[in-house]
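Student: Below you'll find the structure I mean.
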Amino acid sequence: MRRKNRFMFVLAGLTILTLIAWGPARAQTVITLWSHWADHDSKVNFVETAAKNFEKKHPDSKVKITWYEKKALYPALKVALSAGKAPDIFYSEVDQIEYIENNFLLPLDDLIDWQNIEKWARDAWTFNGKTYGFPLESSTIELYYNKDLLKKLGFQLPPNAQFNQKQFTDLVRKAVAAGITPLAQGVGDRPFPGHYFTYQTLLIKLGRADYHKLLTGKLSYKDPRVVEHLKWVKELIDAGLYPKSFTTQKLGETHYYFHTKPGALMVAMGSWYTTRAFNPVDKGGQPENFPLGIMQFPAPDGAACPNCKTAALGGSYSINAATKHPALCAALLNEMATPEMGTRWLTDVLVQSGVKGDTSKMTGKYKPYFEEITARNTGTEVYIGLPHQTYTGQCRDAAVQVMNVAFPAGLISVDDAVAQMDSACVKK
């Protein structure tokens, strides 16, 4: 009996020592993240890889990600932010300044490792001296072309990949004469593709400062440089720059028109062109071994900034100003801000990023494409934002109706376009 009691005493002592040694179970800190891209497997995999890397370094923390389609995400965020129940980190886009105006976003200036982030991408998220977004997805407006068709027409891309006004005009006319559509474009389901050529070349003509004045109503469309430029674009339109299906052709159809049937010399598009074109052929992608090239938009006569180009930010992440874990949230985003992850994004997602990637370390058949687009964007002066993202109110409506559709479709004259845009946009 005494031996049994001694055994029970020893067992109790061991149990107490074990409890003291281990202590109470530590509760994990949960970092919540809501994001668009529910149906984008490559982007989901990228973010989840960053989360796993974070959890390995922070074993007491767990990342809980909720994936949404954009249409469902925005109203859910609006309700959650208003109720004070929003996630620690959430998907955002740079034009959602209402988040900043309502103090929902935490400034990231002292939290993020910015050395591997493109300066222009950070600048795009900087308001009143503070940076509010982590710029993950980005794009530039590019002029893609079919290398074989260019050669067939007897043209060679200049060393700087940019034709001048006369050269480009000759190229358009020769393409039309050969029965080839010069520029595949359509506005059947989007408010912006008709802007691409006119405004990208206007940016080159005016330079960033005056171009910004034009988009913000501080420069008249009656400015002689603008009128001169629009007359040249109208000359190209009248010569047959766009397909006859311009007003009805949808974005997806534009891809197919360019690279498959009937085929076009060029297409102007955001560099997210790859998200469709690099799909398998049976899912709408371009044919295997398609001779895809990238040229700079042509330089009009008297161009103030031949190397200017428009860039735009897409999916980004912001930290909730009300989070209780700002350092951990920043640590998670910093897992995405490394050269290795920047390269992984390029390789797997096949679109550009605000995070710098090393194309020399890329593998796979699309490596040459990213080397070419990197070359085309090296040394450029970036203007951030598309016209329909910059214009507001009746000016935006006019730009969509006049400059996106009526003018490039050849339905109105330069004088009419100038008068309508001035009436709607110029601040008196």
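Identifiers in the structure tokens: chain A, B, ... in order shown; residue index from 1 per chain; ligand index from 1 in order shown.
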What lies within 6 Å of stretch 378-387 of chain A using only C-alpha atoms, ignoring chain neighbours under 5 positions off, as a PyMOL selection string?
Tutor: chain A and resi 307-312
Student: Write out, as a PDB file, in the first residue's frame, the residues just selected, with all heavy atoms.
Tutor:
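Okay, this is what ended up in out08.pdb:
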ATOM      1  N   ASN A 307      10.800  58.706 -75.110  1.00  0.00           N
ATOM      2  CA  ASN A 307      10.885  57.506 -74.272  1.00  0.00           C
ATOM      3  C   ASN A 307       9.838  57.472 -73.159  1.00  0.00           C
ATOM      4  O   ASN A 307       9.971  56.721 -72.194  1.00  0.00           O
ATOM      5  CB  ASN A 307      12.290  57.377 -73.662  1.00  0.00           C
ATOM      6  CG  ASN A 307      12.648  58.545 -72.748  1.00  0.00           C
ATOM      7  OD1 ASN A 307      12.140  59.654 -72.941  1.00  0.00           O
ATOM      8  ND2 ASN A 307      13.515  58.321 -71.785  1.00  0.00           N
ATOM      9  N   CYS A 308       8.758  58.249 -73.304  1.00  0.00           N
ATOM     10  CA  CYS A 308       7.685  58.226 -72.303  1.00  0.00           C
ATOM     11  C   CYS A 308       6.764  57.029 -72.538  1.00  0.00           C
ATOM     12  O   CYS A 308       6.535  56.611 -73.677  1.00  0.00           O
ATOM     13  CB  CYS A 308       6.866  59.516 -72.369  1.00  0.00           C
ATOM     14  SG  CYS A 308       7.548  60.873 -71.379  1.00  0.00           S
ATOM     15  N   LYS A 309       6.233  56.512 -71.461  1.00  0.00           N
ATOM     16  CA  LYS A 309       5.337  55.355 -71.545  1.00  0.00           C
ATOM     17  C   LYS A 309       4.389  55.372 -70.356  1.00  0.00           C
ATOM     18  O   LYS A 309       4.750  55.795 -69.261  1.00  0.00           O
ATOM     19  CB  LYS A 309       6.146  54.063 -71.549  1.00  0.00           C
ATOM     20  CG  LYS A 309       5.321  52.795 -71.626  1.00  0.00           C
ATOM     21  CD  LYS A 309       6.198  51.562 -71.797  1.00  0.00           C
ATOM     22  CE  LYS A 309       6.779  51.486 -73.181  1.00  0.00           C
ATOM     23  NZ  LYS A 309       7.416  50.170 -73.464  1.00  0.00           N
ATOM     24  N   THR A 310       3.169  54.886 -70.579  1.00  0.00           N
ATOM     25  CA  THR A 310       2.192  54.795 -69.502  1.00  0.00           C
ATOM     26  C   THR A 310       2.333  53.469 -68.772  1.00  0.00           C
ATOM     27  O   THR A 310       2.499  52.418 -69.388  1.00  0.00           O
ATOM     28  CB  THR A 310       0.762  54.914 -70.053  1.00  0.00           C
ATOM     29  OG1 THR A 310       0.573  56.239 -70.554  1.00  0.00           O
ATOM     30  CG2 THR A 310      -0.270  54.662 -68.964  1.00  0.00           C
ATOM     31  N   ALA A 311       2.264  53.536 -67.471  1.00  0.00           N
ATOM     32  CA  ALA A 311       2.249  52.338 -66.639  1.00  0.00           C
ATOM     33  C   ALA A 311       1.048  52.411 -65.706  1.00  0.00           C
ATOM     34  O   ALA A 311       0.541  53.496 -65.407  1.00  0.00           O
ATOM     35  CB  ALA A 311       3.542  52.214 -65.838  1.00  0.00           C
ATOM     36  N   ALA A 312       0.607  51.270 -65.280  1.00  0.00           N
ATOM     37  CA  ALA A 312      -0.535  51.219 -64.362  1.00  0.00           C
ATOM     38  C   ALA A 312      -0.307  50.105 -63.357  1.00  0.00           C
ATOM     39  O   ALA A 312       0.302  49.080 -63.668  1.00  0.00           O
ATOM     40  CB  ALA A 312      -1.833  50.980 -65.137  1.00  0.00           C
TER      41      ALA A 312
END
Student: Skipping near chain neighbours, those fewer than 2 positions away, what residues fall within 9 Å of A:Asp348 using only C-alpha atoms, listed as a list in words?
Tutor: Ser42, Lys43, Asn45, Phe46, Thr343, Arg344, Trp345, Leu346, Leu350 and Val351 of chain A
Student: Need to verify the contact set: stretch 216-229 of chain A, 6 Å, only C-alpha atoms, exclusion of same-chain residues closer than 5 positions in sequence. Can you return it as a PyMOL selection string?
Tutor: chain A and resi 418+422+425-427
Student: Find the distance between atom CA of A:Pro159 and atom CA of A:Glu371 and write it in Å to one decimal.
Tutor: 15.9 Å
Student: Which parts of stretch 152-227 of chain A does DSSP call strand (DSSP E) when run on the backbone here, written out as a ChimeraX atom specification?
Tutor: /A:181-184
Student: Those residues you just picked out, can you put them in a file as a CSV table (one decimal), in the first residue's frame with N, CA, C and O atoms?
Tutor:
chain,number,residue,atom,x,y,z
A,181,THR,N,-4.6,44.3,-91.7
A,181,THR,CA,-5.1,45.3,-90.7
A,181,THR,C,-3.8,45.8,-89.9
A,181,THR,O,-3.1,45.0,-89.3
A,182,PRO,N,-3.6,47.1,-89.9
A,182,PRO,CA,-2.4,47.6,-89.2
A,182,PRO,C,-2.5,47.3,-87.7
A,182,PRO,O,-1.6,46.9,-87.1
A,183,LEU,N,-3.7,47.7,-87.1
A,183,LEU,CA,-3.7,47.7,-85.6
A,183,LEU,C,-5.0,47.0,-85.2
A,183,LEU,O,-6.1,47.6,-85.4
A,184,ALA,N,-4.9,45.8,-84.7
A,184,ALA,CA,-6.1,45.1,-84.2
A,184,ALA,C,-6.6,45.8,-82.9
A,184,ALA,O,-5.8,45.9,-81.9
Student: Considering only C-alpha atoms, state which residue in the set A:Ala175, A:Ile31, A:Cys329, A:Ala51 is at the smallest distance from A:Leu108.
Tutor: A:Cys329
